[in-house]
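See structure below.
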Amino acid sequence: MFLYKFYMFLFALRVATCNCSPEIRKTGFKRAKAEYTISNTGRMPICINENSGIARAWQDDYYWTHNDGGGNTELYMINTKGSVFDTLFVNNSKNIDWEELTKDDKGNIYIGDFGNNNQARKDLTIYKYRNGKTQKITFHYGEQEHFPSKNKIFDCEAFFWFGGKLYLFSKDWSKSHQTIMYILPDEAGDYVLFPEQSVFLKSPITAADISPSGKEFALLSYGKVYIFEINGERIDFSKPKSCIKIGRNQMEALAYINDTDFIMTNEQRKIFIATKKQD
């Protein structure tokens, strides 16, 4: 217990002291912490003891969330205070390592069971769920030859849906700090993923979302949020916009509330709202 507490203390210290300077120098972001107010709005109940993903529900100000690996195959509808209003059982699924949620414009919910910290999984899956029907999207990394891999690059814990495709972002554990983007069709099937692009981001990425207007997307890390502008309808890393230092321990989930503000949660079950200040 002492060693665990000591580790968590060191981890929290590392998150608290991180800053955006490396990404500003190497990637071209603008420092943007002063443009946002970050408020702790609530905490989830103990039944959601290791939250790892969040997506907007059908009603405004309500969100779907879930537990990390080993939890029940359920989604929980919460508000910004953390109160649970509904539970949705995802049939024909397993929770090996659920890491992320997203939703398309037809009401389908996509659940990313693709956590791969040990770089050894061969059953990477995205569940596509709607009205009691669950479909499976399975994939593997085309460049991975060894299980486990020593490269520390074959782990994704972040994705979002846009225009009939799923955009996945790697949680890079290597010394190169290159976040890789992959693209998948949103239809059931088995696919092979190859890198589309990469970008230098110092902190490992744990969540992603796209703004309702489709004009920007955000990547969440343990201590920072990275925002990229979208050029037309092309999702890429060519227009880095803002780097926001947030701290707040082990941040795991993010969803846009509107085109400027977003909700975030951490593994300590706390809920935060980032509100952009008016000019």
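Note on naming: chains are A, B, ... as they come in the structure tokens, residues start from 1 per chain, ligands start from 1 in the order shown.
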So that I can see what lies close to A:Ala55, please list as a PDB file with C-alpha atoms, in the first residue's frame the residues with an atom at most 6 Å from it, counting only C-alpha atoms and leaving out residues fewer than 4 positions away in the same chain.
ATOM      1  CA  TYR A  63     -23.442  11.855 -20.814  1.00  0.00           C
ATOM      2  CA  TRP A  64     -22.723   8.152 -21.236  1.00  0.00           C
ATOM      3  CA  LEU A 101     -16.705   6.089 -26.212  1.00  0.00           C
ATOM      4  CA  THR A 102     -17.942   7.987 -29.231  1.00  0.00           C
ATOM      5  CA  ALA A 255     -16.297  15.148 -24.639  1.00  0.00           C
TER       6      ALA A 255
END
Contacts of stretch 113-116 of chain A at 12 Å (only C-alpha atoms; same-chain gap of 5+ positions) as a ChimeraX atom specification: /A:52-53,66-71,73,93-101,121-128,136-141,147-149,152-159,168-173,205-207
Minimum-distance residue to A:Lys81, chosen among A:Ser242, A:Ser39, A:Asn108, A:Asn49 (using only C-alpha atoms):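 Of A:Ser242, A:Ser39, A:Asn108, A:Asn49, the one nearest A:Lys81, counting only C-alpha atoms, is A:Ser39.
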Picked from stretch 114-200 of chain A by DSSP as strand (DSSP E or B), as number ranges by chain: A: 124-130, 133-141, 156-162, 165-170, 178-185, 189-193, 197-200
Close residues, A:Phe217 itself excluded, 6 Å, only C-alpha atoms, min 3 positions apart in chain, as a list in words: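 Everything that qualifies: Asp209, Ile210, Ser211, Ile227 and Phe228 of chain A.
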Filtering to all heavy atoms, could you give me those residues as a PDB file, in the first residue's frame?
ATOM      1  N   ASP A 209     -12.077  13.825 -28.922  1.00  0.00           N
ATOM      2  CA  ASP A 209     -13.425  14.150 -29.386  1.00  0.00           C
ATOM      3  C   ASP A 209     -13.340  15.240 -30.437  1.00  0.00           C
ATOM      4  O   ASP A 209     -12.340  15.970 -30.530  1.00  0.00           O
ATOM      5  CB  ASP A 209     -14.328  14.595 -28.231  1.00  0.00           C
ATOM      6  CG  ASP A 209     -15.816  14.507 -28.595  1.00  0.00           C
ATOM      7  OD1 ASP A 209     -16.147  13.787 -29.553  1.00  0.00           O
ATOM      8  OD2 ASP A 209     -16.636  15.156 -27.928  1.00  0.00           O
ATOM      9  N   ILE A 210     -14.404  15.344 -31.221  1.00  0.00           N
ATOM     10  CA  ILE A 210     -14.508  16.370 -32.252  1.00  0.00           C
ATOM     11  C   ILE A 210     -15.638  17.316 -31.875  1.00  0.00           C
ATOM     12  O   ILE A 210     -16.644  16.896 -31.303  1.00  0.00           O
ATOM     13  CB  ILE A 210     -14.750  15.721 -33.640  1.00  0.00           C
ATOM     14  CG1 ILE A 210     -14.666  16.763 -34.751  1.00  0.00           C
ATOM     15  CG2 ILE A 210     -16.062  14.952 -33.680  1.00  0.00           C
ATOM     16  CD1 ILE A 210     -14.622  16.146 -36.154  1.00  0.00           C
ATOM     17  N   SER A 211     -15.478  18.590 -32.175  1.00  0.00           N
ATOM     18  CA  SER A 211     -16.492  19.571 -31.815  1.00  0.00           C
ATOM     19  C   SER A 211     -17.759  19.356 -32.625  1.00  0.00           C
ATOM     20  O   SER A 211     -17.718  18.805 -33.739  1.00  0.00           O
ATOM     21  CB  SER A 211     -15.965  20.988 -32.039  1.00  0.00           C
ATOM     22  OG  SER A 211     -15.728  21.227 -33.415  1.00  0.00           O
ATOM     23  N   ILE A 227      -5.578  20.947 -28.885  1.00  0.00           N
ATOM     24  CA  ILE A 227      -6.661  21.240 -29.815  1.00  0.00           C
ATOM     25  C   ILE A 227      -6.084  21.521 -31.201  1.00  0.00           C
ATOM     26  O   ILE A 227      -5.138  22.305 -31.353  1.00  0.00           O
ATOM     27  CB  ILE A 227      -7.496  22.436 -29.332  1.00  0.00           C
ATOM     28  CG1 ILE A 227      -8.172  22.082 -27.991  1.00  0.00           C
ATOM     29  CG2 ILE A 227      -8.559  22.817 -30.373  1.00  0.00           C
ATOM     30  CD1 ILE A 227      -8.992  23.195 -27.408  1.00  0.00           C
ATOM     31  N   PHE A 228      -6.669  20.867 -32.214  1.00  0.00           N
ATOM     32  CA  PHE A 228      -6.271  21.045 -33.605  1.00  0.00           C
ATOM     33  C   PHE A 228      -7.440  21.613 -34.396  1.00  0.00           C
ATOM     34  O   PHE A 228      -8.583  21.165 -34.230  1.00  0.00           O
ATOM     35  CB  PHE A 228      -5.870  19.708 -34.230  1.00  0.00           C
ATOM     36  CG  PHE A 228      -4.625  19.088 -33.652  1.00  0.00           C
ATOM     37  CD1 PHE A 228      -4.693  18.324 -32.497  1.00  0.00           C
ATOM     38  CD2 PHE A 228      -3.399  19.261 -34.268  1.00  0.00           C
ATOM     39  CE1 PHE A 228      -3.556  17.739 -31.958  1.00  0.00           C
ATOM     40  CE2 PHE A 228      -2.254  18.674 -33.742  1.00  0.00           C
ATOM     41  CZ  PHE A 228      -2.331  17.916 -32.587  1.00  0.00           C
TER      42      PHE A 228
END
